[in-house]
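So this one's input-v4.csv, CSV, C-alpha atoms:
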chain,number,residue,atom,x,y,z
A,1,MET,CA,-51.0,-91.2,70.7
A,2,ALA,CA,-51.0,-88.0,72.7
A,3,PRO,CA,-52.6,-88.0,76.2
A,4,LEU,CA,-55.7,-85.7,76.4
A,5,LYS,CA,-54.0,-83.5,79.0
A,6,SER,CA,-51.4,-82.5,76.4
A,7,LEU,CA,-54.1,-81.0,74.2
A,8,GLU,CA,-55.6,-78.7,76.8
A,9,PRO,CA,-53.3,-75.6,76.2
A,10,GLU,CA,-54.3,-75.5,72.5
A,11,PHE,CA,-57.9,-76.7,72.6
A,12,SER,CA,-60.1,-74.9,75.1
A,13,ALA,CA,-63.0,-77.4,75.1
A,14,ILE,CA,-60.6,-80.3,76.1
A,15,ASP,CA,-60.3,-78.8,79.6
A,16,SER,CA,-60.0,-80.5,83.0
A,17,HIS,CA,-63.8,-81.1,83.2
A,18,PHE,CA,-63.8,-82.9,79.9
A,19,GLN,CA,-60.7,-84.9,80.8
A,20,MET,CA,-62.3,-86.0,84.1
A,21,PHE,CA,-65.4,-87.1,82.2
A,22,CYS,CA,-63.2,-89.1,79.8
A,23,VAL,CA,-61.1,-90.6,82.6
A,24,SER,CA,-64.3,-91.9,84.2
A,25,LEU,CA,-64.9,-93.9,81.1
A,26,GLY,CA,-61.3,-95.2,80.9
A,27,ILE,CA,-60.3,-92.7,78.1
A,28,PHE,CA,-56.8,-91.2,78.8
A,29,THR,CA,-55.4,-90.7,75.3
A,30,VAL,CA,-56.5,-89.9,71.7
A,31,GLU,CA,-56.1,-93.6,70.9
A,32,ASP,CA,-58.5,-94.5,73.8
A,33,PHE,CA,-61.0,-92.0,72.4
A,34,LEU,CA,-60.7,-93.6,68.9
A,35,LEU,CA,-61.4,-97.1,70.4
A,36,TYR,CA,-64.5,-95.9,72.3
A,37,ASP,CA,-68.0,-96.1,70.8
A,38,LEU,CA,-68.8,-92.6,69.8
A,39,HIS,CA,-72.5,-93.0,70.1
A,40,LYS,CA,-72.2,-94.3,73.7
A,41,LEU,CA,-69.7,-91.5,74.5
A,42,THR,CA,-72.2,-88.9,73.3
A,43,GLY,CA,-75.0,-90.6,75.2
A,44,PHE,CA,-73.1,-90.5,78.4
A,45,ALA,CA,-72.2,-86.8,77.8
A,46,GLU,CA,-75.9,-85.9,77.3
A,47,GLN,CA,-76.7,-87.3,80.8
A,48,LYS,CA,-74.3,-84.8,82.5
A,49,PRO,CA,-75.3,-81.3,83.7
A,50,ASN,CA,-72.7,-79.7,81.5
A,51,SER,CA,-73.6,-81.9,78.4
A,52,GLU,CA,-73.2,-79.1,75.9
A,53,ARG,CA,-69.7,-78.3,77.0
A,54,LEU,CA,-68.8,-82.0,77.0
A,55,LYS,CA,-70.2,-82.4,73.5
A,56,GLN,CA,-68.1,-79.5,72.4
A,57,GLY,CA,-65.0,-81.3,73.7
A,58,ILE,CA,-66.0,-84.4,71.7
A,59,THR,CA,-66.4,-82.3,68.6
A,60,GLN,CA,-63.1,-80.6,69.1
A,61,LEU,CA,-61.3,-83.9,69.7
A,62,LEU,CA,-62.7,-85.3,66.5
A,63,SER,CA,-61.3,-82.2,64.7
A,64,VAL,CA,-57.9,-83.0,66.2
A,65,VAL,CA,-58.1,-86.5,64.8
A,66,ASP,CA,-59.1,-85.3,61.4
A,67,GLY,CA,-56.2,-82.9,61.5
A,68,LEU,CA,-53.8,-85.8,61.8
A,69,HIS,CA,-54.6,-86.9,58.3
A,70,LYS,CA,-52.2,-85.7,55.6
A,71,PRO,CA,-53.5,-84.0,52.4
A,72,TRP,CA,-54.1,-86.2,49.4
A,73,MET,CA,-51.3,-86.7,47.0
A,74,ASN,CA,-51.7,-86.8,43.2
A,75,GLY,CA,-50.3,-89.5,41.0
A,76,MET,CA,-47.1,-87.6,40.1
A,77,ASP,CA,-46.4,-86.9,43.8
A,78,LEU,CA,-46.8,-90.6,44.6
A,79,LEU,CA,-44.5,-91.6,41.6
A,80,GLU,CA,-41.8,-89.2,42.7
A,81,ASP,CA,-42.0,-90.4,46.3
A,82,ALA,CA,-41.7,-94.0,45.1
A,83,LYS,CA,-38.6,-93.2,43.0
A,84,GLN,CA,-36.8,-91.3,45.7
A,85,ASN,CA,-37.8,-93.0,48.9
A,86,LYS,CA,-39.3,-96.4,48.5
A,87,HIS,CA,-36.3,-98.7,48.1
A,88,ILE,CA,-36.6,-102.5,48.1
A,89,LEU,CA,-35.1,-104.8,50.7
A,90,SER,CA,-34.2,-108.4,49.8
A,91,THR,CA,-35.7,-111.1,52.0
A,92,GLY,CA,-32.7,-113.3,51.3
A,93,CYS,CA,-34.9,-115.8,49.4
A,94,GLU,CA,-34.8,-115.4,45.6
A,95,GLY,CA,-38.2,-117.1,45.1
A,96,ILE,CA,-40.0,-114.9,47.6
A,97,ASP,CA,-38.3,-111.7,46.3
A,98,MET,CA,-39.5,-112.6,42.8
A,99,LEU,CA,-43.1,-113.1,44.1
A,100,LEU,CA,-42.9,-109.7,45.8
A,101,GLY,CA,-41.5,-107.9,42.7
A,102,GLY,CA,-38.0,-107.6,44.2
A,103,GLY,CA,-38.5,-107.8,47.9
A,104,LEU,CA,-39.9,-105.9,50.8
A,105,ARG,CA,-40.7,-102.3,49.9
A,106,GLU,CA,-39.9,-99.4,52.2
A,107,GLY,CA,-43.0,-97.4,53.1
A,108,GLN,CA,-45.2,-100.5,52.8
A,109,LEU,CA,-46.7,-103.2,54.9
A,110,THR,CA,-46.2,-106.8,53.7
A,111,GLU,CA,-48.3,-109.6,55.3
A,112,ILE,CA,-47.4,-113.3,55.0
A,113,VAL,CA,-50.2,-115.8,55.8
A,114,GLY,CA,-50.3,-119.5,56.0
A,115,PRO,CA,-51.1,-122.5,58.3
A,116,SER,CA,-49.1,-123.3,61.3
A,117,SER,CA,-45.5,-124.6,60.6
A,118,SER,CA,-45.7,-123.4,57.0
A,119,GLY,CA,-42.5,-121.4,57.3
A,120,LYS,CA,-43.7,-117.9,58.1
A,121,THR,CA,-41.2,-117.5,61.0
A,122,GLN,CA,-38.4,-118.8,58.8
A,123,VAL,CA,-39.2,-116.1,56.3
A,124,CYS,CA,-39.1,-113.4,59.0
A,125,LEU,CA,-35.8,-114.7,60.4
A,126,GLN,CA,-34.2,-114.8,56.9
A,127,ALA,CA,-35.4,-111.3,56.1
A,128,ALA,CA,-34.0,-110.0,59.3
A,129,SER,CA,-30.6,-111.6,58.7
A,130,SER,CA,-30.6,-110.4,55.1
A,131,VAL,CA,-31.3,-106.8,55.9
A,132,ALA,CA,-29.0,-106.7,58.9
A,133,LYS,CA,-26.2,-108.1,56.8
A,134,LYS,CA,-26.6,-106.4,53.5
A,135,HIS,CA,-27.9,-103.0,54.5
A,136,MET,CA,-26.7,-100.2,56.7
A,137,GLY,CA,-29.9,-100.0,58.7
A,138,SER,CA,-31.2,-102.0,61.7
A,139,VAL,CA,-34.1,-104.4,62.1
A,140,VAL,CA,-36.7,-104.3,64.9
A,141,TYR,CA,-38.1,-107.7,65.5
A,142,ILE,CA,-41.3,-108.0,67.7
A,143,ASP,CA,-41.5,-111.6,68.8
A,144,THR,CA,-45.0,-112.6,70.1
A,145,CYS,CA,-44.5,-116.4,70.1
A,146,ASN,CA,-41.0,-116.8,71.6
A,147,SER,CA,-39.9,-118.0,68.2
A,148,PHE,CA,-36.9,-115.7,67.6
A,149,SER,CA,-33.9,-118.0,67.0
A,150,PRO,CA,-30.4,-116.4,66.9
A,151,GLN,CA,-29.0,-119.8,65.7
A,152,ARG,CA,-31.3,-119.7,62.7
A,153,VAL,CA,-30.2,-116.1,61.9
A,154,ALA,CA,-26.6,-117.1,62.1
A,155,SER,CA,-27.2,-120.0,59.7
A,156,PHE,CA,-29.0,-117.8,57.3
A,157,VAL,CA,-26.1,-115.4,57.3
A,158,GLY,CA,-23.9,-118.3,56.5
A,159,LEU,CA,-21.8,-118.2,59.6
A,160,VAL,CA,-22.2,-121.9,60.3
A,161,SER,CA,-21.5,-122.9,56.7
A,162,ASN,CA,-18.2,-123.1,54.7
A,163,LEU,CA,-17.7,-119.4,54.0
A,164,PRO,CA,-14.1,-118.4,53.0
A,165,PHE,CA,-13.5,-116.5,56.2
A,166,ASP,CA,-11.4,-117.3,59.3
A,167,GLN,CA,-13.1,-117.7,62.6
A,168,GLY,CA,-12.3,-114.2,63.7
A,169,ALA,CA,-13.9,-112.7,60.6
A,170,LYS,CA,-17.0,-114.9,61.0
A,171,HIS,CA,-17.4,-113.8,64.6
A,172,LYS,CA,-17.1,-110.1,63.6
A,173,ILE,CA,-19.8,-110.6,60.9
A,174,LEU,CA,-22.0,-112.4,63.4
A,175,GLN,CA,-21.5,-109.6,66.0
A,176,ASN,CA,-22.4,-106.9,63.4
A,177,VAL,CA,-25.5,-108.7,62.2
A,178,MET,CA,-26.8,-109.5,65.7
A,179,SER,CA,-26.2,-105.9,66.9
A,180,ASN,CA,-28.3,-104.7,64.0
A,181,ILE,CA,-31.4,-106.8,65.1
A,182,LEU,CA,-33.3,-105.4,68.1
A,183,CYS,CA,-35.7,-108.1,69.4
A,184,HIS,CA,-38.7,-107.3,71.7
A,185,SER,CA,-40.7,-110.1,73.2
A,186,VAL,CA,-44.4,-109.1,73.7
A,187,PHE,CA,-47.3,-111.4,74.7
A,188,ASP,CA,-50.4,-109.1,74.6
A,189,ILE,CA,-51.7,-106.5,72.4
A,190,PHE,CA,-51.3,-103.6,74.8
A,191,ALA,CA,-47.6,-104.4,75.3
A,192,MET,CA,-47.2,-104.3,71.5
A,193,PHE,CA,-48.8,-100.8,71.5
A,194,GLY,CA,-46.2,-99.7,74.0
A,195,VAL,CA,-43.3,-101.0,71.8
A,196,LEU,CA,-44.8,-99.5,68.7
A,197,HIS,CA,-45.2,-96.1,70.4
A,198,GLN,CA,-41.6,-96.3,71.7
A,199,LEU,CA,-40.5,-97.1,68.1
A,200,GLU,CA,-42.4,-94.2,66.7
A,201,PHE,CA,-40.6,-91.8,69.1
A,202,LYS,CA,-37.3,-93.3,68.1
A,203,LEU,CA,-38.0,-93.0,64.4
A,204,ARG,CA,-38.9,-89.3,64.7
A,205,SER,CA,-35.4,-88.6,66.2
A,206,GLN,CA,-33.3,-91.1,64.3
A,207,LYS,CA,-30.5,-89.6,62.2
A,208,GLY,CA,-27.3,-90.9,60.4
A,209,ASP,CA,-26.3,-94.5,60.0
A,210,ASN,CA,-28.0,-97.6,61.4
A,211,GLN,CA,-31.5,-96.2,61.0
A,212,VAL,CA,-34.3,-98.6,61.3
A,213,GLN,CA,-35.1,-100.1,57.9
A,214,LEU,CA,-37.3,-103.1,58.7
A,215,LEU,CA,-39.9,-103.9,61.3
A,216,ILE,CA,-41.0,-107.5,61.7
A,217,VAL,CA,-44.0,-108.6,63.8
A,218,ASP,CA,-44.0,-112.4,64.2
A,219,SER,CA,-46.8,-112.9,64.5
A,220,ILE,CA,-49.6,-110.4,64.9
A,221,SER,CA,-52.3,-113.1,64.7
A,222,SER,CA,-51.3,-114.6,68.1
A,223,LEU,CA,-52.1,-111.3,69.8
A,224,ILE,CA,-55.3,-110.5,67.8
A,225,THR,CA,-57.0,-113.9,67.9
A,226,PRO,CA,-57.6,-114.0,71.7
A,227,ILE,CA,-59.5,-110.6,71.7
A,228,LEU,CA,-61.7,-111.2,68.6
A,229,GLY,CA,-64.2,-113.5,70.4
A,230,GLY,CA,-67.5,-112.5,71.8
A,231,SER,CA,-70.1,-110.0,70.5
A,232,GLY,CA,-68.3,-106.8,71.4
A,233,LEU,CA,-66.4,-104.6,69.0
A,234,HIS,CA,-63.4,-104.0,71.2
A,235,GLY,CA,-61.2,-106.7,69.6
A,236,HIS,CA,-62.0,-105.5,66.1
A,237,ALA,CA,-61.3,-101.9,67.1
A,238,LEU,CA,-57.9,-102.9,68.5
A,239,MET,CA,-57.1,-104.8,65.3
A,240,LEU,CA,-57.9,-101.8,63.2
A,241,SER,CA,-55.9,-99.6,65.5
A,242,VAL,CA,-52.8,-101.8,65.2
A,243,GLY,CA,-53.2,-101.9,61.4
A,244,TYR,CA,-53.5,-98.1,61.2
A,245,LEU,CA,-50.4,-97.6,63.4
A,246,LEU,CA,-48.3,-100.1,61.4
A,247,LYS,CA,-49.2,-98.4,58.1
A,248,LYS,CA,-48.6,-95.0,59.6
A,249,LEU,CA,-45.1,-96.1,60.8
A,250,ALA,CA,-44.3,-97.5,57.3
A,251,HIS,CA,-45.5,-94.5,55.4
A,252,GLU,CA,-44.3,-91.6,57.6
A,253,HIS,CA,-40.9,-93.1,58.4
A,254,ASN,CA,-40.2,-94.9,55.1
A,255,ILE,CA,-39.6,-98.4,56.7
A,256,ALA,CA,-40.6,-101.8,55.4
A,257,ILE,CA,-42.9,-103.8,57.7
A,258,LEU,CA,-43.3,-107.5,57.5

Same coordinates, now as structure tokens:
Amino acid sequence: MAPLKSLEPEFSAIDSHFQMFCVSLGIFTVEDFLLYDLHKLTGFAEQKPNSERLKQGITQLLSVVDGLHKPWMNGMDLLEDAKQNKHILSTGCEGIDMLLGGGLREGQLTEIVGPSSSGKTQVCLQAASSVAKKHMGSVVYIDTCNSFSPQRVASFVGLVSNLPFDQGAKHKILQNVMSNILCHSVFDIFAMFGVLHQLEFKLRSQKGDNQVQLLIVDSISSLITPILGGSGLHGHALMLSVGYLLKKLAHEHNIAIL
């Protein structure tokens, strides 16, 4: 989200004094502000000589956050949006597509859960290969467990099986599929935030062919689990923030997220 400094020209209460107060508490962006305990923040502000001005800044920043929410849509608006924009992407597995009502829906977040070694990564790899091969868009694959396997993607595409193509044609298909899958390895929640914000910037400016159609995070639990321990609320706040950002990316940019 936006750094607080970028809001200063438009919002007078979010001035340099308010920003310095926030920086002293480790708040640099709107996202940092959302993660911070509002009651504690207000309490710290009340201890300062310019407390009223600081509380005005907090109120104004809350109004900025409220302004980010889009107006409600009625049922007909939602139905029309679903007909025009929310296409379905096949996972490449007929059984899973049937369970999902056709496949992964653009504009929505799909979560697969299950015990270790139950096949979640295989579903992710198969979905990546299916979308990269059958559709004109690209796939962003966030790998948090070092589990991305190009060999498995190739096998799902059928390049190591007996397809009726010569080796040159097979290599070209492999090249096209692999070039349509962009893999990022991240191993902590803050690195993931960085990748998601970069993706958000890319999605705002993407035009023409090879637009991002599918975002895969394999797996988000490996990043969330280590920060959920203890009595603090920081881990839960980060988990909610990731969920909000993923849903925002799916809805605003009409991509499927797995």

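The two atoms in question, atom CA of A:Ser130 and atom CA of A:Gly92, are spaced 5.2 Å apart.
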
Checklist line | Separation of atom CA of A:Gly243 from atom CA of A:Thr29 in Å | finding: 18.0 Å

Next item on the list: For atom CA of A:Ser16 and atom CA of A:Val64, determine how far apart the two atoms are, in Å to one decimal place.
Entry: 17.1 Å

Margin query: Which residues are close to A:Ile88, i.e. within 8 Å by all atoms listed in the file, leaving aside same-chain residues fewer than 4 positions away? Reply as a ChimeraX atom specification.
Written below: /A:102-106

Check: Which polymer residues have any atom within 8 Å of an atom of stretch 176-182 of chain A, counting all atoms listed in the file, with same-chain residues fewer than 5 positions away left out, as a PyMOL selection string?
Finding: chain A and resi 128-129+132-133+137-141+150+210

Margin query: I want to know what sits within 12 Å of A:His17, based on all atoms listed in the file, with residues of the same chain fewer than 4 positions away left out; could you give that as a VMD selection string?
Written below: chain A and resid 4 to 5 8 12 to 13 21 to 24 45 48 to 51 53 to 57

Check: Taking into account all atoms listed in the file, which residue in the set A:Glu52, A:Asp143, A:Asp218, A:Glu94 is nearest to A:Val113?
Finding: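 Looking at the shortest contact to A:Val113, the residue is A:Asp218.
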
Note to self: When you look at A:Ser221 with a cut-off of 10 Å (counting all atoms listed in the file), what residues show up, excluding the ones that are within fewer than 4 positions of it in the same chain? I need them as a PyMOL selection string.
What the structure shows: chain A and resi 113+144+217+225-226+239
